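What follows is one structure encoded as structure tokens, with my remarks underneath.
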Protein chains: 2
Amino acid sequence: MSLKIRSRIWIELEDQVFLGEGRVQVLKAIDEMGSLSKAAKSLNMSYKKAWRLVDSVNASAKRPVIISSIGGKEGGGTQLTPYGKSLVHLFDEINQGCWDYLDTQLDKIEQL
Amino acid sequence: MSLKIRSRIWIELEDQVFLGEGRVQVLKAIDEMGSLSKAAKSLNMSYKKAWRLVDSVNASAKRPVIISSIGGKEGGGTQLTPYGKSLVHLFDEINQGCWDYLDTQLDKIEQL
């Protein structure tokens, strides 16, 4: 019998979603691809939706989470700021801590 | 600034949802009202939907989570079995443990 306790976490600021799995996924894809349009494409998401998700994080964050550059040989791009990277990293860490806690609870269900 | 980490948990058996917030809510309402139709009404849920949720828990649980009686002075009703009550109680306990863990992580976000 395969028993699992699963979870989803999200961070709220003033009762509005600030960071959740979807936004983190877009930020990670930007970090990997160096571009918002490539990030959106890699997630099968419209550019507009990806932009809206990132913009809403940026709008409530203490500091910007991405920086964009325009022009240059590579035609510009979008990158995570160090603050953006820390935020993504911390989200993953808290998520993992939550999963670890839930794994310790499995026995209790099996023993019922 | 009001910062919160929120979560939702659910239990899966063989990769199928076995117990989540919605099912627990129906089970709690049955426990309170002593009847599936009253429980559904109190949650603004159709009888059919409430029945399907409870039936799917019952179908995968080791033991029945509800018992129904038919007839009698009170016209029968539906009750949680002791196993059903333990399951609901344990779900709430694990959920609370998860929230407690997440609360300990808030500082880390504030300190970024």
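By convention in this document, the chains of the structure tokens carry letters A, B, ... by their order, each chain's residues are numbered from 1, and ligands are numbered from 1 in the order they are shown.
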
- Task: For Arg6 (chain B), please output as a PyMOL selection string all residues within 12 Å (counting only C-alpha atoms; exclusion window: fewer than 3 positions along the same chain).
- Result: (chain A and resi 7-13+15-20+94-95+98) or (chain B and resi 3+9+95-96+98-103+105-106)

- Message: I'd like the neighbourhood of Lys28 (chain B) as a ChimeraX atom specification, where a residue qualifies if any of its atoms comes within 12 Å (using only C-alpha atoms), though same-chain residues fewer than 5 positions away should be ignored.
- Response: /B:21-23,33-36,38-40,42-43,50,54,65-66,78-81,84-89,91-92

- Item | CA of Glu14 (chain A) to CA of Ser68 (chain A), straight-line distance in Å |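 Answer for the CA of Ser68 (chain A) to CA of Glu14 (chain A) separation: 27.2 Å.
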
- Task: Write out as a list in words all residues of region 67-108 of chain A that DSSP puts in strand (DSSP E) for this structure's backbone.
- Result: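 Going through region 67-108 of chain A, the strand (DSSP E) residues come out as Ile67, Ser68, Ser69, Gly77, Thr78, Gln79 and Leu80 of chain A.
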
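Among the candidates B:Gln111, B:Ser37, B:Ser56, B:Ser2, the residue lying nearest to Gly76 (chain B) is B:Ser37 (atoms considered: only C-alpha atoms).
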
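Atom pair CA of Asn58 (chain A) / CA of Lys73 (chain A): separated by 26.7 Å.
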
- Task: Go through B:Ala29, B:Leu53, B:Ala61, B:Ile70 and flag the residue nearest chain A, using only C-alpha atoms for the distances.
- Result: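 Of B:Ala29, B:Leu53, B:Ala61, B:Ile70, the one nearest chain A is B:Ala61, counting only C-alpha atoms.
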
- Query: Hey, can you check how far CA of Glu93 (chain B) sits from CA of Lys108 (chain A)?
  - Reply: 10.4 Å
